[in-house]
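A.B. asks: Input structure: entry-v8.csv, which contains CSV, C-alpha atoms and all ligand atoms.
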```
chain,number,residue,atom,x,y,z
A,1,MET,CA,-106.5,-143.1,-120.2
A,2,THR,CA,-103.6,-141.5,-118.3
A,3,THR,CA,-103.2,-142.3,-114.6
A,4,GLU,CA,-104.4,-138.8,-113.8
A,5,GLU,CA,-107.5,-139.4,-115.8
A,6,THR,CA,-108.1,-142.8,-114.1
A,7,LEU,CA,-107.7,-141.2,-110.7
A,8,ALA,CA,-110.0,-138.4,-111.5
A,9,HIS,CA,-112.6,-140.9,-112.9
A,10,ILE,CA,-112.4,-142.9,-109.6
A,11,ALA,CA,-112.8,-139.7,-107.6
A,12,LYS,CA,-115.9,-138.8,-109.6
A,13,GLU,CA,-117.4,-142.2,-108.9
A,14,VAL,CA,-116.6,-141.9,-105.2
A,15,SER,CA,-118.3,-138.5,-105.0
A,16,VAL,CA,-121.7,-140.1,-106.0
A,17,CYS,CA,-121.2,-143.6,-104.5
A,18,GLN,CA,-124.0,-145.2,-102.6
A,19,LYS,CA,-122.5,-148.7,-102.2
A,20,CYS,CA,-122.6,-148.6,-98.4
A,21,ALA,CA,-124.5,-146.8,-95.7
A,22,LEU,CA,-121.8,-144.3,-95.1
A,23,TYR,CA,-123.0,-142.2,-98.0
A,24,HIS,CA,-126.1,-141.1,-95.9
A,25,SER,CA,-124.0,-139.1,-93.4
A,26,ARG,CA,-121.2,-137.7,-95.6
A,27,LYS,CA,-120.9,-134.1,-96.5
A,28,ASN,CA,-118.0,-134.7,-98.9
A,29,SER,CA,-116.4,-138.0,-99.9
A,30,VAL,CA,-112.7,-138.1,-99.6
A,31,PRO,CA,-111.2,-140.0,-102.5
A,32,GLY,CA,-107.5,-139.3,-101.6
A,33,GLU,CA,-104.9,-137.1,-103.2
A,34,GLY,CA,-101.4,-137.0,-104.5
A,35,PRO,CA,-99.3,-137.4,-107.6
A,36,ALA,CA,-100.2,-140.1,-110.1
A,37,ASN,CA,-96.6,-141.3,-110.1
A,38,SER,CA,-96.2,-141.5,-106.4
A,39,GLU,CA,-93.7,-144.1,-105.2
A,40,ILE,CA,-95.4,-144.1,-101.8
A,41,MET,CA,-99.0,-144.4,-100.9
A,42,CYS,CA,-100.1,-143.7,-97.3
A,43,ILE,CA,-103.4,-145.4,-96.4
A,44,GLY,CA,-105.3,-144.4,-93.3
A,45,GLU,CA,-108.7,-145.4,-92.0
A,46,GLY,CA,-111.4,-143.0,-93.0
A,47,PRO,CA,-112.3,-139.3,-93.1
A,48,GLY,CA,-112.8,-137.6,-89.8
A,49,PHE,CA,-114.7,-134.3,-89.1
A,50,HIS,CA,-112.4,-132.0,-91.0
A,51,GLU,CA,-111.8,-134.4,-93.9
A,52,ASN,CA,-115.6,-134.7,-94.3
A,53,GLU,CA,-115.9,-130.9,-94.3
A,54,GLN,CA,-113.2,-130.3,-96.9
A,55,GLY,CA,-113.2,-133.5,-99.0
A,56,ARG,CA,-109.5,-133.9,-98.5
A,57,PRO,CA,-107.6,-136.6,-96.5
A,58,PHE,CA,-105.6,-135.9,-93.3
A,59,VAL,CA,-106.3,-132.2,-92.9
A,60,GLY,CA,-107.0,-132.2,-89.2
A,61,ALA,CA,-104.6,-132.8,-86.2
A,62,ALA,CA,-103.5,-136.2,-87.4
A,63,GLY,CA,-102.8,-134.8,-90.8
A,64,GLN,CA,-100.7,-132.1,-89.4
A,65,PHE,CA,-98.7,-134.7,-87.5
A,66,LEU,CA,-98.4,-136.8,-90.7
A,67,ASN,CA,-97.0,-133.8,-92.6
A,68,GLU,CA,-94.4,-133.4,-89.8
A,69,LEU,CA,-93.5,-137.1,-89.9
A,70,LEU,CA,-93.0,-136.9,-93.7
A,71,ALA,CA,-91.0,-133.7,-93.4
A,72,GLN,CA,-88.8,-135.4,-90.9
A,73,ALA,CA,-88.1,-138.1,-93.4
A,74,GLY,CA,-87.2,-135.4,-95.9
A,75,MET,CA,-90.4,-135.7,-97.9
A,76,LYS,CA,-93.1,-133.3,-98.7
A,77,ARG,CA,-96.7,-134.3,-98.3
A,78,GLU,CA,-97.2,-133.3,-102.0
A,79,GLU,CA,-94.8,-136.0,-103.1
A,80,VAL,CA,-96.8,-138.9,-101.7
A,81,TRP,CA,-100.4,-140.1,-102.3
A,82,ILE,CA,-102.6,-140.0,-99.2
A,83,GLY,CA,-105.9,-141.7,-98.8
A,84,ASN,CA,-108.1,-144.1,-96.8
A,85,VAL,CA,-109.7,-147.5,-96.8
A,86,VAL,CA,-113.1,-145.9,-96.6
A,87,LYS,CA,-113.9,-142.8,-98.5
A,88,CYS,CA,-116.8,-141.5,-96.4
A,89,ARG,CA,-116.8,-140.5,-92.8
A,90,PRO,CA,-118.1,-143.1,-90.3
A,91,PRO,CA,-120.6,-141.2,-88.0
A,92,GLY,CA,-118.9,-139.9,-84.9
A,93,ASN,CA,-115.6,-141.4,-86.2
A,94,ARG,CA,-116.6,-144.9,-85.2
A,95,ASP,CA,-114.6,-147.8,-86.7
A,96,PRO,CA,-115.6,-148.7,-90.3
A,97,LEU,CA,-117.7,-151.9,-90.4
A,98,PRO,CA,-116.6,-155.0,-92.4
A,99,GLU,CA,-119.3,-154.4,-95.0
A,100,GLU,CA,-118.2,-150.8,-95.4
A,101,LEU,CA,-114.6,-151.8,-95.8
A,102,SER,CA,-115.5,-154.4,-98.4
A,103,ALA,CA,-117.8,-152.1,-100.3
A,104,CYS,CA,-115.2,-149.4,-100.5
A,105,ASN,CA,-112.2,-151.7,-101.2
A,106,GLU,CA,-112.7,-151.6,-105.0
A,107,TYR,CA,-111.9,-147.9,-105.2
A,108,LEU,CA,-108.6,-148.3,-103.3
A,109,GLU,CA,-107.6,-151.3,-105.3
A,110,ARG,CA,-108.1,-149.4,-108.5
A,111,GLN,CA,-106.2,-146.4,-107.2
A,112,ILE,CA,-103.3,-148.7,-106.2
A,113,ALA,CA,-103.3,-150.4,-109.6
A,114,ALA,CA,-103.3,-147.0,-111.4
A,115,ILE,CA,-100.5,-145.5,-109.3
A,116,ASN,CA,-98.5,-148.7,-108.9
A,117,PRO,CA,-96.5,-147.5,-105.9
A,118,LYS,CA,-93.3,-149.1,-104.7
A,119,ILE,CA,-94.3,-148.8,-101.0
A,120,ILE,CA,-97.7,-148.8,-99.3
A,121,ILE,CA,-97.6,-147.4,-95.8
A,122,THR,CA,-100.6,-148.6,-93.8
A,123,LEU,CA,-101.6,-146.2,-91.0
A,124,GLY,CA,-103.4,-148.0,-88.3
A,125,ARG,CA,-105.2,-151.3,-88.0
A,126,PHE,CA,-107.7,-151.2,-90.7
A,127,SER,CA,-105.4,-150.6,-93.7
A,128,MET,CA,-102.9,-153.0,-92.1
A,129,GLY,CA,-105.6,-155.7,-92.0
A,130,LYS,CA,-105.8,-155.5,-95.7
A,131,TYR,CA,-102.3,-156.8,-96.2
A,132,MET,CA,-101.4,-158.5,-92.9
A,133,PRO,CA,-104.6,-160.0,-91.6
A,134,GLY,CA,-104.2,-161.0,-87.9
A,135,ALA,CA,-100.9,-159.2,-87.5
A,136,LYS,CA,-100.3,-157.2,-84.3
A,137,ILE,CA,-99.3,-153.7,-85.1
A,138,SER,CA,-97.1,-153.5,-82.0
A,139,SER,CA,-94.9,-156.2,-83.3
A,140,VAL,CA,-94.8,-155.6,-87.1
A,141,HIS,CA,-94.7,-151.8,-87.3
A,142,GLY,CA,-91.8,-150.3,-89.2
A,143,GLN,CA,-90.9,-153.6,-90.9
A,144,MET,CA,-91.0,-153.6,-94.7
A,145,ARG,CA,-92.5,-156.7,-96.3
A,146,ARG,CA,-92.6,-157.6,-100.0
A,147,ILE,CA,-96.2,-158.3,-101.1
A,148,GLY,CA,-96.4,-159.1,-104.7
A,149,ASP,CA,-95.0,-156.3,-106.9
A,150,ARG,CA,-94.5,-153.9,-104.0
A,151,PHE,CA,-93.6,-153.4,-100.4
A,152,VAL,CA,-95.8,-152.7,-97.4
A,153,ILE,CA,-94.9,-151.1,-94.2
A,154,ALA,CA,-97.4,-151.0,-91.3
A,155,MET,CA,-97.2,-148.0,-89.1
A,156,PHE,CA,-99.1,-146.7,-86.1
A,157,HIS,CA,-101.9,-144.3,-87.0
A,158,PRO,CA,-100.7,-140.7,-86.4
A,159,ALA,CA,-103.9,-140.0,-84.5
A,160,ALA,CA,-103.2,-143.0,-82.2
A,161,ALA,CA,-99.7,-141.6,-81.5
A,162,LEU,CA,-101.2,-138.2,-80.7
A,163,HIS,CA,-103.6,-139.7,-78.2
A,164,GLN,CA,-101.1,-142.2,-76.7
A,165,ALA,CA,-97.8,-140.4,-76.1
A,166,SER,CA,-96.0,-143.7,-75.6
A,167,LEU,CA,-96.4,-144.5,-79.3
A,168,LYS,CA,-94.8,-141.3,-80.5
A,169,PRO,CA,-91.2,-142.4,-80.4
A,170,ALA,CA,-92.0,-145.5,-82.4
A,171,ILE,CA,-93.9,-143.8,-85.2
A,172,MET,CA,-91.2,-141.1,-85.4
A,173,LYS,CA,-88.5,-143.8,-85.7
A,174,ASP,CA,-90.5,-145.7,-88.3
A,175,PHE,CA,-90.9,-142.6,-90.5
A,176,ALA,CA,-87.2,-141.7,-90.1
A,177,GLN,CA,-86.4,-145.1,-91.7
A,178,LEU,CA,-88.4,-144.3,-94.8
A,179,PRO,CA,-85.6,-142.9,-97.1
A,180,LYS,CA,-83.5,-146.0,-96.4
A,181,LEU,CA,-86.5,-148.3,-97.0
A,182,LEU,CA,-87.4,-146.5,-100.2
A,183,GLU,CA,-83.9,-147.0,-101.5
A,184,GLN,CA,-84.1,-150.7,-100.7
A,185,ALA,CA,-87.5,-151.0,-102.4
A,186,ARG,CA,-86.3,-149.2,-105.5
A,187,ALA,CA,-83.2,-151.5,-105.7
A,188,ALA,CA,-85.2,-154.7,-105.2
A,189,LEU,CA,-87.9,-153.8,-107.7
A,190,LYS,CA,-85.3,-152.8,-110.2
A,191,ARG,CA,-83.6,-156.1,-109.9
A,192,SER,CA,-86.8,-158.1,-110.2
A,193,ALA,CA,-88.3,-156.0,-113.1
A,194,PRO,CA,-89.1,-158.2,-116.0
A,195,THR,CA,-86.3,-157.7,-118.5
A,196,GLN,CA,-87.3,-156.7,-121.9
A,197,VAL,CA,-86.4,-159.5,-124.3
A,198,GLU,CA,-85.0,-157.9,-127.4
A,199,THR,CA,-85.3,-159.8,-130.6
A,200,PRO,CA,-82.1,-159.3,-132.4
A,201,PRO,CA,-82.5,-157.8,-135.8
A,202,GLU,CA,-82.5,-160.5,-138.4
A,203,GLU,CA,-79.1,-161.0,-140.0
A,204,PRO,CA,-79.1,-160.4,-143.7
A,205,LYS,CA,-78.5,-163.7,-145.2
A,206,GLN,CA,-75.3,-163.7,-147.0
A,207,LEU,CA,-75.1,-166.1,-149.8
A,208,SER,CA,-71.5,-166.8,-150.3
A,209,LEU,CA,-70.4,-167.6,-153.7
A,210,PHE,CA,-67.1,-169.0,-152.6
B,1,LIG,N1,-107.6,-140.2,-90.0
B,1,LIG,C1,-107.6,-141.1,-91.1
B,1,LIG,O1,-107.5,-142.3,-90.9
B,1,LIG,N2,-107.8,-140.5,-92.2
B,1,LIG,C2,-107.9,-139.2,-92.5
B,1,LIG,O2,-108.1,-138.9,-93.6
B,1,LIG,C3,-107.9,-138.4,-91.3
B,1,LIG,C4,-107.7,-138.9,-90.1
B,2,LIG,FE1,-119.1,-145.7,-101.4
B,2,LIG,FE2,-116.9,-146.0,-100.0
B,2,LIG,FE3,-118.5,-144.0,-99.5
B,2,LIG,FE4,-119.3,-146.4,-98.9
B,2,LIG,S1,-117.5,-145.3,-98.0
B,2,LIG,S2,-120.5,-144.8,-99.9
B,2,LIG,S3,-118.4,-147.6,-100.6
B,2,LIG,S4,-117.4,-144.3,-101.4
```
Turn the structure described in the file into structure tokens.
C.D. replies:
Amino acid sequence: MTTEETLAHIAKEVSVCQKCALYHSRKNSVPGEGPANSEIMCIGEGPGFHENEQGRPFVGAAGQFLNELLAQAGMKREEVWIGNVVKCRPPGNRDPLPEELSACNEYLERQIAAINPKIIITLGRFSMGKYMPGAKISSVHGQMRRIGDRFVIAMFHPAAALHQASLKPAIMKDFAQLPKLLEQARAALKRSAPTQVETPPEEPKQLSLF
């Protein structure tokens, strides 16, 4: 299966998933979207009102701001993968519950494995918690950490920055670092890529008669 096919297959499973109670109230599940070969995956919390209506991630006010933050970093939204830790809208935009996060985690894990991004940007507390349990977003935001075969950068949630003006300069500064951090991630992952061991062609055995 190609990565595109794997992602489409996951999206299909998500569209009929009943693994947690959130399926009762969803209009559309929101599997996430973006190129199969994205170097960056942005992972938010869960669908809100507009996302539930359209079945697409980050299409409301927070999404508009995310598009601006990416543009400011010289990136197009279409160049990165965008999704969430839960694929169905929590009623009234309440926080996702631990059992909902753990039920839905499998889909995100499979998406990450399929795409194999260099950088995961966690947007907000819930996706940060997946990689940096117990971390305080106010102290770790914008720092890139190597976790296994990739890098993770925790950032404030764009919706939080819209509601709390004091967070806006920080999230803007963190996104502005992204081109530089992507260069660093590319270089580091290139260095540590497992080198292909080439078996030298077998020397023809020369039988010397002299
Ligand atoms: N907030 C999120 O966390 N995800 C979305 O898709 C939209 C808003
Ligand atoms: Fe399934 Fe995730 Fe939707 Fe729950 S939130 S029903 S686990 S797709």
A.B. asks: Might you pull out every residue within 6 Å of stretch 87-97 of chain A, with all atoms listed in the file counted and same-chain residues fewer than 3 positions away left off, and present them as a VMD selection string?
C.D. replies: chain A and resid 22 26 29 to 31 46 to 48 100
A.B. asks: From the options A:Cys20, A:Ala114, A:Pro169, A:Ile120, which residue's atoms come nearest to A:Ile147, counting all atoms listed in the file?
C.D. replies: A:Ile120
A.B. asks: Taking all atoms listed in the file into account, name the residue in A:Glu45, A:Glu39, A:Glu79, A:Glu5 that is nearest to ligand LIG 1 (chain B).
C.D. replies: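 With all atoms listed in the file as the atom set, the closest residue is A:Glu45.
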A.B. asks: To one decimal place, how far is atom CA of A:Ala170 from atom CA of A:Ile82 in Å?
C.D. replies: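 A separation of 20.6 Å between them.
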A.B. asks: Give as an mmCIF file with C-alpha atoms, in the coordinates of the input the residues surrounding ligand LIG 1 (chain B) up to a distance of 10 Å, considering all atoms listed in the file.
C.D. replies:
```cif
data_model
loop_
_atom_site.group_PDB
_atom_site.id
_atom_site.type_symbol
_atom_site.label_atom_id
_atom_site.label_comp_id
_atom_site.auth_asym_id
_atom_site.auth_seq_id
_atom_site.Cartn_x
_atom_site.Cartn_y
_atom_site.Cartn_z
ATOM 1 C CA VAL A 30 -112.700 -138.100 -99.600
ATOM 2 C CA PRO A 31 -111.200 -140.000 -102.500
ATOM 3 C CA GLY A 32 -107.500 -139.300 -101.600
ATOM 4 C CA CYS A 42 -100.100 -143.700 -97.300
ATOM 5 C CA ILE A 43 -103.400 -145.400 -96.400
ATOM 6 C CA GLY A 44 -105.300 -144.400 -93.300
ATOM 7 C CA GLU A 45 -108.700 -145.400 -92.000
ATOM 8 C CA GLY A 46 -111.400 -143.000 -93.000
ATOM 9 C CA PRO A 47 -112.300 -139.300 -93.100
ATOM 10 C CA GLY A 48 -112.800 -137.600 -89.800
ATOM 11 C CA PHE A 49 -114.700 -134.300 -89.100
ATOM 12 C CA HIS A 50 -112.400 -132.000 -91.000
ATOM 13 C CA GLU A 51 -111.800 -134.400 -93.900
ATOM 14 C CA ASN A 52 -115.600 -134.700 -94.300
ATOM 15 C CA GLY A 55 -113.200 -133.500 -99.000
ATOM 16 C CA ARG A 56 -109.500 -133.900 -98.500
ATOM 17 C CA PRO A 57 -107.600 -136.600 -96.500
ATOM 18 C CA PHE A 58 -105.600 -135.900 -93.300
ATOM 19 C CA VAL A 59 -106.300 -132.200 -92.900
ATOM 20 C CA GLY A 60 -107.000 -132.200 -89.200
ATOM 21 C CA ALA A 61 -104.600 -132.800 -86.200
ATOM 22 C CA ALA A 62 -103.500 -136.200 -87.400
ATOM 23 C CA GLY A 63 -102.800 -134.800 -90.800
ATOM 24 C CA GLN A 64 -100.700 -132.100 -89.400
ATOM 25 C CA LEU A 66 -98.400 -136.800 -90.700
ATOM 26 C CA ILE A 82 -102.600 -140.000 -99.200
ATOM 27 C CA GLY A 83 -105.900 -141.700 -98.800
ATOM 28 C CA ASN A 84 -108.100 -144.100 -96.800
ATOM 29 C CA VAL A 85 -109.700 -147.500 -96.800
ATOM 30 C CA VAL A 86 -113.100 -145.900 -96.600
ATOM 31 C CA LYS A 87 -113.900 -142.800 -98.500
ATOM 32 C CA CYS A 88 -116.800 -141.500 -96.400
ATOM 33 C CA ARG A 89 -116.800 -140.500 -92.800
ATOM 34 C CA ASN A 93 -115.600 -141.400 -86.200
ATOM 35 C CA ASP A 95 -114.600 -147.800 -86.700
ATOM 36 C CA THR A 122 -100.600 -148.600 -93.800
ATOM 37 C CA LEU A 123 -101.600 -146.200 -91.000
ATOM 38 C CA GLY A 124 -103.400 -148.000 -88.300
ATOM 39 C CA ARG A 125 -105.200 -151.300 -88.000
ATOM 40 C CA PHE A 126 -107.700 -151.200 -90.700
ATOM 41 C CA SER A 127 -105.400 -150.600 -93.700
ATOM 42 C CA HIS A 157 -101.900 -144.300 -87.000
ATOM 43 C CA PRO A 158 -100.700 -140.700 -86.400
ATOM 44 C CA ALA A 159 -103.900 -140.000 -84.500
ATOM 45 C CA ALA A 160 -103.200 -143.000 -82.200
#
```
A.B. asks: Which residues come within 9 Å of A:Leu178, counting only C-alpha atoms, excluding same-chain residues fewer than 4 positions away, as a ChimeraX atom specification?
C.D. replies: /A:70,73,142,174,182-183
A.B. asks: Write the selection just made, keeping C-alpha atoms, as a PDB file, in the coordinates of the input?
C.D. replies:
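Written out: out.pdb:
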```pdb
ATOM      1  CA  LEU A  70     -93.000-136.900 -93.700  1.00  0.00           C
ATOM      2  CA  ALA A  73     -88.100-138.100 -93.400  1.00  0.00           C
ATOM      3  CA  GLY A 142     -91.800-150.300 -89.200  1.00  0.00           C
ATOM      4  CA  ASP A 174     -90.500-145.700 -88.300  1.00  0.00           C
ATOM      5  CA  LEU A 182     -87.400-146.500-100.200  1.00  0.00           C
ATOM      6  CA  GLU A 183     -83.900-147.000-101.500  1.00  0.00           C
TER       7      GLU A 183
END
```
A.B. asks: Between A:Leu69, A:Val80, A:Cys104, A:Ala185, single out the one closest to ligand LIG 2 (chain B), counting only C-alpha atoms and all ligand atoms.
C.D. replies: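 For ligand LIG 2 (chain B), the nearest of the given residues is A:Cys104.
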A.B. asks: Enclose ligand LIG 2 (chain B), meaning all of its atoms listed in the file, in a box aligned along x, y and z, pad it by 5 Å on each side, and list the centre and edge lengths in Å to one decimal, as JSON.
C.D. replies:
```
{"center_x": -118.7, "center_y": -145.8, "center_z": -99.7, "size_x": 13.6, "size_y": 13.6, "size_z": 13.4}
```
A.B. asks: Using all atoms listed in the file, which of A:Met1, A:Val16, A:Met128, A:Ala103 sits nearest ligand LIG 2 (chain B)?
C.D. replies: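 The shortest atom-to-atom distance to ligand LIG 2 (chain B) comes from A:Ala103.
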A.B. asks: When you count only C-alpha atoms and all ligand atoms, which of these residues is closest to ligand LIG 2 (chain B): A:Arg186, A:Lys136, A:His24, A:His9?
C.D. replies: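 Of A:Arg186, A:Lys136, A:His24, A:His9, the one nearest ligand LIG 2 (chain B) is A:His24, counting only C-alpha atoms and all ligand atoms.
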A.B. asks: Excluding A:Asn37 and residues on its chain fewer than 2 positions from it, collect all residues at most 8 Å away from it, counting all atoms listed in the file, and give them as a list of chain:residue names.
C.D. replies: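 Once the nearby chain positions are removed, what remains is A:Pro35, A:Glu39, A:Ile115, A:Asn116, A:Pro117.
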A.B. asks: I'd like to know which of A:Ser102, A:Gln72, A:Asn67, A:Gln54 is closest to ligand LIG 2 (chain B), using only C-alpha atoms and all ligand atoms.
C.D. replies: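 Closest residue, counting only C-alpha atoms and all ligand atoms: A:Ser102.
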A.B. asks: If I take atom CA of A:Val152 and atom CA of A:Tyr131, how far is one from the other in Å, to one decimal?
C.D. replies: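 Interatomic distance here is 7.8 Å.
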A.B. asks: Contacts of A:Pro179 at 9 Å or less, counting all atoms listed in the file, minus same-chain residues fewer than 5 places along, as a ChimeraX atom specification?
C.D. replies: /A:73-75,184
A.B. asks: Produce stretch 72-91 of chain A of the given structure as output with N, CA and C atoms, as a compact mmCIF listing (two decimals), in the first residue's frame.
C.D. replies:
```txt
# COMPACT_ATOMS: atom_id res chain seq x y z
N GLN A 72 3.50 33.01 7.67
CA GLN A 72 4.55 33.86 8.22
C GLN A 72 5.89 33.10 8.26
N ALA A 73 5.81 31.79 8.42
CA ALA A 73 7.02 30.97 8.41
C ALA A 73 7.40 30.55 6.98
N GLY A 74 6.71 31.13 5.99
CA GLY A 74 7.03 30.83 4.60
C GLY A 74 6.48 29.50 4.13
N MET A 75 5.46 29.00 4.85
CA MET A 75 4.90 27.70 4.48
C MET A 75 3.43 27.83 4.13
N LYS A 76 3.01 26.96 3.24
CA LYS A 76 1.59 26.92 2.91
C LYS A 76 0.94 25.83 3.73
N ARG A 77 -0.29 26.06 4.10
CA ARG A 77 -1.06 25.05 4.81
C ARG A 77 -1.05 23.71 4.07
N GLU A 78 -1.11 23.79 2.73
CA GLU A 78 -1.17 22.58 1.90
C GLU A 78 0.11 21.76 1.97
N GLU A 79 1.18 22.35 2.52
CA GLU A 79 2.46 21.64 2.57
C GLU A 79 2.62 20.80 3.82
N VAL A 80 1.77 21.02 4.82
CA VAL A 80 1.93 20.29 6.08
C VAL A 80 0.69 19.44 6.33
N TRP A 81 0.85 18.43 7.16
CA TRP A 81 -0.30 17.62 7.54
C TRP A 81 -0.89 18.25 8.80
N ILE A 82 -2.20 18.29 8.86
CA ILE A 82 -2.89 18.90 10.00
C ILE A 82 -3.94 17.93 10.52
N GLY A 83 -3.92 17.68 11.81
CA GLY A 83 -4.92 16.78 12.39
C GLY A 83 -5.06 17.00 13.89
N ASN A 84 -5.64 16.03 14.54
CA ASN A 84 -5.97 16.18 15.95
C ASN A 84 -5.79 14.87 16.72
N VAL A 85 -5.73 15.00 18.06
CA VAL A 85 -5.62 13.77 18.88
C VAL A 85 -6.96 13.04 18.99
N VAL A 86 -8.07 13.74 18.92
CA VAL A 86 -9.36 13.04 18.78
C VAL A 86 -10.02 13.48 17.48
N LYS A 87 -10.61 12.53 16.82
CA LYS A 87 -11.13 12.76 15.46
C LYS A 87 -12.60 13.17 15.44
N CYS A 88 -13.28 13.11 16.57
CA CYS A 88 -14.69 13.51 16.62
C CYS A 88 -14.84 14.62 17.66
N ARG A 89 -15.80 15.50 17.41
CA ARG A 89 -15.95 16.69 18.23
C ARG A 89 -16.48 16.37 19.63
N PRO A 90 -15.76 16.78 20.67
CA PRO A 90 -16.32 16.67 22.01
C PRO A 90 -17.49 17.66 22.15
N PRO A 91 -18.62 17.21 22.69
CA PRO A 91 -19.80 18.07 22.77
C PRO A 91 -19.49 19.40 23.44
```
